[in-house]
>>> print(open('coords.txt').read())   # compact mmCIF, C-alpha atoms
# COMPACT_ATOMS: atom_id res chain seq x y z
CA MET N 1 -117.67 16.10 87.37
CA LEU N 2 -119.28 16.76 84.02
CA PRO N 3 -123.08 16.92 83.69
CA PHE N 4 -125.03 13.74 83.38
CA LEU N 5 -125.12 11.93 80.05
CA ARG N 6 -126.33 8.47 79.17
CA ILE N 7 -126.28 6.34 76.01
CA ALA N 8 -129.33 4.35 74.97
CA ALA N 9 -130.05 1.81 72.24
CA SER N 10 -133.12 1.74 70.03
CA SER N 11 -134.04 -0.91 67.47
CA PRO N 12 -137.29 -2.49 66.27
CA ILE N 13 -135.43 -5.83 66.13
CA ALA N 14 -135.02 -7.44 69.54
CA ALA N 15 -131.80 -9.23 68.58
CA HIS N 16 -130.22 -5.99 67.34
CA ARG N 17 -131.25 -4.15 70.48
CA ALA N 18 -129.77 -6.93 72.62
CA LEU N 19 -126.54 -6.74 70.61
CA LEU N 20 -126.28 -2.98 71.10
CA CYS N 21 -126.86 -3.40 74.83
CA ARG N 22 -124.14 -6.03 75.06
CA VAL N 23 -121.66 -3.75 73.30
CA LEU N 24 -122.55 -0.82 75.54
CA ALA N 25 -122.31 -3.03 78.63
CA SER N 26 -118.85 -4.17 77.53
CA THR N 27 -117.65 -0.55 77.71
CA ARG N 28 -118.50 -0.25 81.40
CA LEU N 29 -115.81 -0.52 84.05
CA ASP N 30 -117.44 -3.73 85.32
CA PRO N 31 -119.57 -5.19 82.51
CA ARG N 32 -120.99 -7.79 84.92
CA GLU N 33 -122.77 -5.03 86.81
CA SER N 34 -124.39 -3.58 83.69
CA ASP N 35 -128.11 -4.14 83.42
CA PRO N 36 -129.17 -4.47 79.75
CA ASP N 37 -132.32 -2.55 80.63
CA GLY N 38 -130.07 0.31 81.69
CA PHE N 39 -129.66 1.20 78.01
CA THR N 40 -133.39 1.57 77.33
CA PRO N 41 -134.36 5.02 75.94
CA LEU N 42 -135.74 7.16 78.77
CA TRP N 43 -135.34 10.91 78.24
CA SER N 44 -137.33 11.75 75.12
CA GLU N 45 -137.21 15.48 75.84
CA ALA N 46 -133.41 15.42 76.10
CA ALA N 47 -132.51 12.84 73.46
CA ILE N 48 -130.20 13.15 70.46
CA ALA N 49 -130.63 10.44 67.83
CA VAL N 50 -127.48 9.02 66.28
CA THR N 51 -128.14 6.67 63.37
CA ALA N 52 -125.57 3.97 62.73
CA ALA N 53 -125.33 4.52 58.96
CA ARG N 54 -124.87 8.27 59.34
CA TRP N 55 -122.28 7.78 62.07
CA ALA N 56 -120.27 5.55 59.75
CA ALA N 57 -120.18 8.22 57.05
CA ASP N 58 -116.76 9.68 56.34
CA ASP N 59 -118.01 13.25 56.68
CA TYR N 60 -119.74 12.83 60.06
CA ASP N 61 -119.09 15.99 62.08
CA LEU N 62 -117.97 14.90 65.55
CA LEU N 63 -117.57 18.48 66.76
CA ALA N 64 -121.13 19.35 65.72
CA LEU N 65 -122.36 16.41 67.81
CA ASP N 66 -120.31 17.64 70.77
CA ASP N 67 -121.90 21.08 70.43
CA GLU N 68 -125.37 19.55 70.22
CA VAL N 69 -124.74 17.54 73.38
CA TRP N 70 -123.71 20.65 75.32
CA ARG N 71 -126.73 22.59 74.03
CA CYS N 72 -128.98 19.75 75.18
CA ILE N 73 -127.34 19.74 78.61
CA GLY N 74 -127.73 23.51 78.78
CA ARG N 75 -131.46 23.23 78.11
CA HIS N 76 -132.30 20.13 80.14
CA GLY N 77 -129.43 19.56 82.55
CA ARG N 78 -128.86 16.13 81.00
CA CYS N 79 -128.58 14.41 77.63
CA GLU N 80 -129.36 11.02 76.17
CA LEU N 81 -127.46 9.90 73.10
CA ARG N 82 -129.80 7.42 71.43
CA ILE N 83 -128.28 4.95 68.97
CA VAL N 84 -130.93 4.28 66.34
CA ASP N 85 -130.91 1.12 64.24
CA ASP N 86 -131.59 2.44 60.75
CA GLY N 87 -130.98 -0.82 58.92
CA ALA N 88 -127.21 -0.52 58.84
CA GLU N 89 -125.06 -3.63 58.72
CA LEU N 90 -124.51 -5.22 62.11
CA ASP N 91 -120.81 -4.40 62.22
CA ARG N 92 -121.58 -0.73 61.63
CA LEU N 93 -124.23 -0.88 64.33
CA THR N 94 -121.77 -2.29 66.87
CA ASP N 95 -119.04 0.13 65.73
CA CYS N 96 -121.41 3.01 66.38
CA ALA N 97 -122.18 1.79 69.91
CA LEU N 98 -118.54 1.25 70.84
CA GLN N 99 -117.21 4.45 69.29
CA LEU N 100 -119.95 6.62 70.75
CA ALA N 101 -119.36 5.16 74.20
CA LEU N 102 -115.64 5.84 73.90
CA ARG N 103 -116.05 9.41 72.70
CA PHE N 104 -118.29 10.29 75.66
CA GLN N 105 -116.72 8.12 78.36
CA ARG N 106 -115.49 11.20 80.23
CA PHE N 107 -119.03 11.62 81.59
CA ASP N 108 -118.63 8.33 83.46
CA ALA N 109 -117.54 8.79 87.08
CA SER N 110 -117.41 5.13 88.13
CA THR N 111 -114.36 4.04 90.12
CA ASN N 112 -112.47 0.88 90.95
CA PRO N 113 -111.57 -0.27 94.50
CA ALA N 114 -108.41 1.87 94.53
CA SER N 115 -110.36 5.08 93.82
CA ALA N 116 -113.67 4.30 95.54
CA THR N 117 -112.70 6.46 98.51
CA PRO N 118 -113.62 9.84 99.99
CA PHE N 119 -110.03 10.95 99.34
CA PHE N 120 -110.39 10.37 95.59
CA GLN N 121 -113.68 12.26 95.55
CA GLN N 122 -111.81 15.13 97.19
CA ILE N 123 -109.20 14.88 94.44
CA LEU N 124 -111.90 14.97 91.74
CA ALA N 125 -113.49 18.06 93.31
CA ALA N 126 -110.14 19.85 93.58
CA HIS N 127 -109.29 18.81 90.03
CA GLU N 128 -112.54 20.22 88.65
CA ALA N 129 -111.98 23.50 90.47
CA MET N 130 -108.70 24.00 88.58
CA PHE N 131 -110.44 24.30 85.22
CA ASP N 132 -112.36 27.37 84.06
CA ARG N 133 -114.51 25.72 81.41
CA ARG N 134 -115.52 29.12 80.02
CA ARG N 135 -112.10 29.15 78.31
CA PRO N 136 -112.20 26.79 75.31
CA LEU N 137 -108.65 25.45 75.56
CA VAL N 138 -109.04 24.90 79.30
CA ALA N 139 -112.35 23.09 78.79
CA ALA N 140 -110.63 20.85 76.24
CA ASP N 141 -107.84 20.17 78.77
CA HIS N 142 -110.42 19.22 81.40
CA ASP N 143 -112.15 16.87 78.99
CA HIS N 144 -108.82 15.29 78.05
CA ALA N 145 -107.78 14.78 81.67
CA LEU N 146 -111.04 13.03 82.52
CA ASP N 147 -110.93 11.02 79.31
CA THR N 148 -107.34 9.91 79.97
CA TRP N 149 -108.47 8.70 83.40
CA ARG N 150 -111.25 6.69 81.75
CA TRP N 151 -108.78 5.21 79.25
CA VAL N 152 -106.50 4.15 82.12
CA LEU N 153 -109.40 2.28 83.71
CA ARG N 154 -110.41 0.82 80.37
CA LEU N 155 -106.91 -0.49 79.70
CA GLU N 156 -106.41 -1.66 83.30
CA PRO N 157 -109.60 -1.96 85.40
CA HIS N 158 -107.45 -2.61 88.48
CA ALA N 159 -105.32 0.51 87.98
CA SER N 160 -103.59 1.79 91.09
CA LEU N 161 -104.53 5.05 92.78
CA SER N 162 -101.23 6.64 91.73
CA LEU N 163 -101.87 5.78 88.09
CA GLN N 164 -105.36 7.25 88.23
CA LEU N 165 -104.04 10.43 89.86
CA ALA N 166 -101.33 10.68 87.21
CA ALA N 167 -103.96 10.36 84.47
CA LEU N 168 -106.00 13.21 85.93
CA LEU N 169 -103.00 15.46 86.53
CA HIS N 170 -100.59 14.56 83.72
CA ASP N 171 -101.13 17.81 81.76
CA VAL N 172 -101.87 20.16 84.65
CA GLU N 173 -98.78 22.29 83.94
CA GLY N 174 -100.44 23.45 80.74
CA LEU N 175 -103.11 25.23 82.78
CA MET N 176 -100.46 27.71 83.85
CA SER N 177 -98.31 27.96 80.74
CA GLU N 178 -100.81 27.28 77.93
CA GLY N 179 -104.24 28.40 79.11
CA GLU N 180 -104.65 30.78 76.17
CA ALA N 181 -102.12 29.54 73.60
CA ARG N 182 -100.09 26.38 73.02
CA ALA N 183 -96.32 26.83 73.13
CA GLY N 184 -95.80 23.48 71.41
CA ASN N 185 -96.84 24.99 68.11
CA ASP N 186 -93.51 26.84 67.93
CA ALA N 187 -91.27 24.11 69.37
CA THR N 188 -88.50 23.05 66.98
CA ASP N 189 -88.11 19.69 68.76
CA TYR N 190 -91.60 18.56 69.72
CA VAL N 191 -90.53 15.47 71.69
CA THR N 192 -88.04 17.46 73.77
CA PHE N 193 -90.71 20.08 74.40
CA LYS N 194 -93.24 17.46 75.55
CA CYS N 195 -90.71 15.77 77.85
CA ALA N 196 -89.78 19.10 79.43
CA GLN N 197 -93.47 19.88 79.90
CA ALA N 198 -93.99 16.52 81.63
CA GLN N 199 -91.08 17.23 84.00
CA ALA N 200 -92.52 20.65 84.83
CA GLY N 201 -95.95 19.11 85.29
CA ALA N 202 -94.56 16.60 87.78
CA ARG N 203 -93.35 19.46 89.98
CA VAL N 204 -96.80 21.06 89.86
CA VAL N 205 -98.41 17.73 90.76
CA VAL N 206 -96.30 17.53 93.91
CA ASN N 207 -97.57 20.94 95.03
CA ILE N 208 -101.18 20.02 94.32
CA LEU N 209 -101.05 16.70 96.14
CA GLU N 210 -99.18 18.17 99.11
CA SER N 211 -101.93 20.79 99.47
CA LEU N 212 -104.43 17.94 99.75
CA HIS N 213 -102.41 16.19 102.47
CA THR N 214 -101.63 13.22 100.25
CA PRO N 215 -99.33 10.54 101.73
CA ARG N 216 -95.73 11.05 100.61
CA PRO N 217 -95.30 7.63 98.93
CA LEU N 218 -98.39 8.34 96.81
CA ILE N 219 -97.07 11.78 95.89
CA ASP N 220 -93.69 10.39 94.87
CA ARG N 221 -95.16 7.61 92.74
CA THR N 222 -97.62 9.94 90.99
CA ARG N 223 -94.82 12.45 90.35
CA THR N 224 -92.68 9.78 88.70
CA LEU N 225 -95.49 8.61 86.44
CA VAL N 226 -96.27 12.16 85.29
CA ALA N 227 -92.59 13.03 84.80
CA GLU N 228 -91.92 9.98 82.61
CA HIS N 229 -95.19 9.55 80.71
CA GLU N 230 -93.79 11.19 77.57
CA ALA N 231 -90.47 9.31 77.70
CA PRO N 232 -88.37 7.73 80.49
CA PRO N 233 -85.12 9.53 81.39
CA GLY N 234 -81.90 8.59 79.67
CA GLY N 235 -83.57 6.29 77.16
CA GLU N 236 -84.34 3.70 79.85
CA PRO N 237 -87.00 1.05 79.10
CA ILE N 238 -90.47 2.32 79.91
CA GLU N 239 -92.12 0.59 82.85
CA PRO N 240 -95.59 -0.97 82.41
CA ALA N 241 -97.53 1.64 84.41
CA THR N 242 -95.89 4.51 82.54
CA ALA N 243 -96.52 2.77 79.21
CA LEU N 244 -100.16 2.38 80.15
CA LEU N 245 -100.43 6.09 80.94
CA ALA N 246 -98.78 6.94 77.62
CA ASN N 247 -101.28 4.70 75.83
CA ALA N 248 -104.21 6.31 77.62
CA ASP N 249 -102.95 9.82 76.88
CA ALA N 250 -102.46 9.09 73.17
CA LEU N 251 -105.73 7.20 72.78
CA SER N 252 -107.60 10.09 74.38
CA PHE N 253 -106.12 12.40 71.76
CA PHE N 254 -107.39 10.16 68.97
CA SER N 255 -110.80 9.23 70.41
CA LEU N 256 -111.72 12.67 71.73
CA GLY N 257 -109.36 15.49 70.90
CA ALA N 258 -108.04 15.03 67.37
CA ALA N 259 -110.93 16.61 65.47
CA GLY N 260 -110.90 19.75 67.59
CA PHE N 261 -107.11 19.90 67.59
CA ALA N 262 -107.03 19.86 63.80
CA ARG N 263 -109.66 22.56 63.53
CA HIS N 264 -107.93 24.81 66.06
CA PHE N 265 -104.24 24.31 65.25
CA GLY N 266 -104.22 23.43 61.54
CA LEU N 267 -102.76 20.58 59.55
CA PRO N 268 -98.97 20.97 60.04
CA HIS N 269 -99.09 20.93 63.84
CA THR N 270 -101.76 18.23 63.80
CA ALA N 271 -99.53 16.03 61.64
CA ARG N 272 -96.73 16.40 64.18
CA LYS N 273 -99.07 15.64 67.07
CA VAL N 274 -100.49 12.56 65.31
CA ALA N 275 -97.02 11.19 64.53
CA HIS N 276 -95.91 11.71 68.12
CA SER N 277 -99.06 10.06 69.48
CA VAL N 278 -98.76 7.05 67.16
CA ARG N 279 -95.18 6.49 68.31
CA ARG N 280 -96.32 6.35 71.93
CA LEU N 281 -98.77 3.48 71.38
CA ASP N 282 -97.86 -0.14 72.07
CA VAL N 283 -99.52 -3.18 70.51
CA GLU N 284 -102.64 -2.87 72.64
CA GLY N 285 -102.84 0.83 71.91
CA HIS N 286 -102.68 0.20 68.17
CA SER N 287 -105.44 -2.38 68.53
CA TRP N 288 -107.70 0.22 70.15
CA LEU N 289 -106.71 2.85 67.60
CA ALA N 290 -108.05 0.63 64.83
CA ARG N 291 -111.49 0.64 66.48
CA LEU N 292 -111.90 4.39 66.96
CA LYS N 293 -113.99 6.83 64.96
CA LEU N 294 -111.41 9.06 63.26
CA PRO N 295 -112.09 11.97 60.92
CA ARG N 296 -110.75 11.26 57.45
CA THR N 297 -107.94 13.80 57.76
CA ILE N 298 -106.75 12.29 61.04
CA ARG N 299 -107.00 8.78 59.64
CA ALA N 300 -104.82 9.76 56.69
CA LEU N 301 -102.24 11.28 59.04
CA VAL N 302 -102.24 8.09 61.10
CA PHE N 303 -101.51 6.04 57.99
CA GLU N 304 -98.72 8.40 57.03
CA ALA N 305 -97.19 8.15 60.52
CA LEU N 306 -97.39 4.35 60.42
CA ALA N 307 -95.87 4.26 56.95
CA GLU N 308 -93.01 6.47 58.11
CA GLU N 309 -92.37 4.20 61.09
CA SER N 310 -92.27 1.12 58.89
CA GLY N 311 -90.21 2.78 56.17
CA SER N 312 -93.00 2.45 53.60
CA PRO N 313 -94.16 5.22 51.27
CA SER N 314 -96.83 7.38 52.83
CA VAL N 315 -100.42 6.90 51.80
CA PRO N 316 -102.23 9.88 50.23
CA ALA N 317 -105.43 10.85 52.01
CA ARG N 318 -107.51 10.02 48.95
CA GLU N 319 -106.04 6.50 48.80
CA VAL N 320 -106.42 5.30 52.39
CA PRO N 321 -106.49 1.49 52.18
CA ARG N 322 -109.07 -0.69 53.86
CA GLU N 323 -106.33 -2.62 55.69
CA SER N 324 -103.31 -1.16 57.41
CA ALA N 325 -100.63 -1.87 59.97
CA PHE N 326 -103.10 -1.00 62.72
CA GLY N 327 -106.07 -2.97 61.36
CA ALA N 328 -109.02 -2.25 59.15
CA ALA N 329 -109.28 1.29 57.90
CA PRO N 330 -112.62 3.00 58.56
CA ARG N 331 -114.96 2.70 55.60
CA PRO N 332 -115.07 5.51 53.06
>>> encode(input="coords.txt", output="structure tokens")
Amino acid sequence: MLPFLRIAASSPIAAHRALLCRVLASTRLDPRESDPDGFTPLWSEAAIAVTAARWAADDYDLLALDDEVWRCIGRHGRCELRIVDDGAELDRLTDCALQLALRFQRFDASTNPASATPFFQQILAAHEAMFDRRRPLVAADHDHALDTWRWVLRLEPHASLSLQLAALLHDVEGLMSEGEARAGNDATDYVTFKCAQAQAGARVVVNILESLHTPRPLIDRTRTLVAEHEAPPGGEPIEPATALLANADALSFFSLGAAGFARHFGLPHTARKVAHSVRRLDVEGHSWLARLKLPRTIRALVFEALAEESGSPSVPAREVPRESAFGAAPRP
């Protein structure tokens, strides 16, 4: 698993500190087991301060924060992200806590009863061994796989073992075909390309799970989920578990990957990826999308994708409204 990271809350006002702790506790797999004192600042030598007002700024550099976190881990073997109450409005304070927890949830290795087993730990170890994190695109794929798993558990705390395995392995085919470059950039039909990639990935998943002596019914169910997570065959209605995986996959792109994707692949391909990801979200997914920290460029592309879906004129980036089809727009 990834190195150890924790999030802490700091405020001179007891009520504000308690509020931050409640928000952070609500992001845990089982909020009832979260001790409010567990969010007390501890690691001064390995702490990165994140002020609520600065976090809310439109030009906040998420990728610079990611880099700072990894430098801190490189120096100290751990990192504490410390939310600092700098007098921001309470809603911005709580937004900061929630969005920061979501962006770094991949560092959380907690499990539910279905995955609290030695077998799943074996799966996690084998999964980690597949990724050479020295290669930037592969490291991003590893982060996305773990983050999609966390989104599955966030959306459904009682998620089955097959659904959790599918979340971890849904993009594993890309390790072989796209470790250095992304073929999707050149695809004329992006949806068809993604569906074909999911089908190929399902075949790879079977080989991986067979090598780990996984029971056949579990292999077959995981294969089906991976194969259909982009779109069910023949235009059939999507089943709930597959829809949940599609939500988790798309939400991980927005909460974690979008900023880096845009920087690496440029605006045209990012616009196509955003539109595809928006289309995959259901009502619950759109509700979560409205709560995420999105770079301004990504937010504008989301609005354009939503406007296209609804048949409305697209919204220029400089005129992003405060209210939209997916909720309140982030503040300028």
>>> residues_near_point(input="coords.txt", point="(-98.5, 10.1, 86.6)", cutoff="6 Å", atoms="all atoms listed in the file", output="PyMOL selection string")
chain N and resi 163+166-167+170+222-223+225-226
>>> atom_distance(input="coords.txt", atom1="atom CA of Gly174 of chain N", atom2="atom CA of Ser252 of chain N")
16.4 Å
>>> atom_distance(input="coords.txt", atom1="atom CA of Gln99 of chain N", atom2="atom CA of Pro41 of chain N")
18.4 Å
>>> residues_around(input="coords.txt", residues="Leu267 of chain N", least_positions_apart="5", cutoff="9 Å", atoms="all atoms listed in the file", output="PyMOL selection string")
chain N and resi 262+272+297
>>> residues_near_point(input="coords.txt", point="(-110.6, 1.7, 87.4)", cutoff="6 Å", atoms="all atoms listed in the file", output="VMD selection string")
chain N and resid 111 to 112 153 157 to 159
>>> residues_around(input="coords.txt", residues="segment 205-208 of chain N", least_positions_apart="3", cutoff="7 Å", atoms="only C-alpha atoms", output="list in words")
Leu169, Gly201, Ala202, Ser211, Leu212, Ile219 and Arg223 of chain N
>>> closest_residue(input="coords.txt", among="N:Trp149, N:Trp43, N:Phe131, N:Phe193", to="Asp108 of chain N", atoms="all atoms listed in the file")
N:Trp149
>>> atom_distance(input="coords.txt", atom1="atom CA of Cys96 of chain N", atom2="atom CA of Lys293 of chain N")
8.5 Å
>>> closest_atom_pairs(input="coords.txt", of="segment 73-161 of chain N", to="segment 284-288 of chain N", cutoff="12 Å", atoms="all atoms listed in the file", output="JSON lines")
{"residue": "N:Leu98", "atom": "CA", "partner": "N:Trp288", "partner_atom": "CA", "distance": 10.9}
{"residue": "N:Gln99", "atom": "CA", "partner": "N:Trp288", "partner_atom": "CA", "distance": 10.4}
{"residue": "N:Leu102", "atom": "CA", "partner": "N:Trp288", "partner_atom": "CA", "distance": 10.4}
{"residue": "N:Trp151", "atom": "CA", "partner": "N:Gly285", "partner_atom": "CA", "distance": 10.4}
{"residue": "N:Val152", "atom": "CA", "partner": "N:Gly285", "partner_atom": "CA", "distance": 11.3}
{"residue": "N:Arg154", "atom": "CA", "partner": "N:Trp288", "partner_atom": "CA", "distance": 10.6}
{"residue": "N:Leu155", "atom": "CA", "partner": "N:Glu284", "partner_atom": "CA", "distance": 8.6}
{"residue": "N:Glu156", "atom": "CA", "partner": "N:Glu284", "partner_atom": "CA", "distance": 11.4}
>>> closest_residue(input="coords.txt", among="N:Ile83, N:Met176, N:Leu124, N:Leu306", to="Leu209 of chain N", atoms="only C-alpha atoms")
N:Leu124
>>> residues_around(input="coords.txt", residues="Ile48 of chain N", least_positions_apart="2", cutoff="8 Å", atoms="only C-alpha atoms", output="PyMOL selection string")
chain N and resi 46+50+69+79-82
>>> closest_residue(input="coords.txt", among="N:Thr148, N:Tyr190, N:Pro295, N:Leu245", to="His269 of chain N", atoms="all atoms listed in the file")
N:Tyr190
>>> closest_residue(input="coords.txt", among="N:Glu68, N:Asp171, N:Glu89, N:Asp189", to="Ala145 of chain N", atoms="all atoms listed in the file")
N:Asp171
>>> closest_residue(input="coords.txt", among="N:Arg280, N:Arg296, N:Arg75, N:Arg291", to="Asp61 of chain N", atoms="all atoms listed in the file")
N:Arg296
>>> closest_residue(input="coords.txt", among="N:Asp147, N:Asp282, N:Glu128, N:Asp58", to="Arg299 of chain N", atoms="only C-alpha atoms")
N:Asp58
>>> axis_aligned_box(input="coords.txt", around="segment 43-62 of chain N", padding_each_side="5 Å", output="JSON")
{"center_x": -127.0, "center_y": 10.0, "center_z": 67.3, "size_x": 30.6, "size_y": 22.0, "size_z": 31.9}
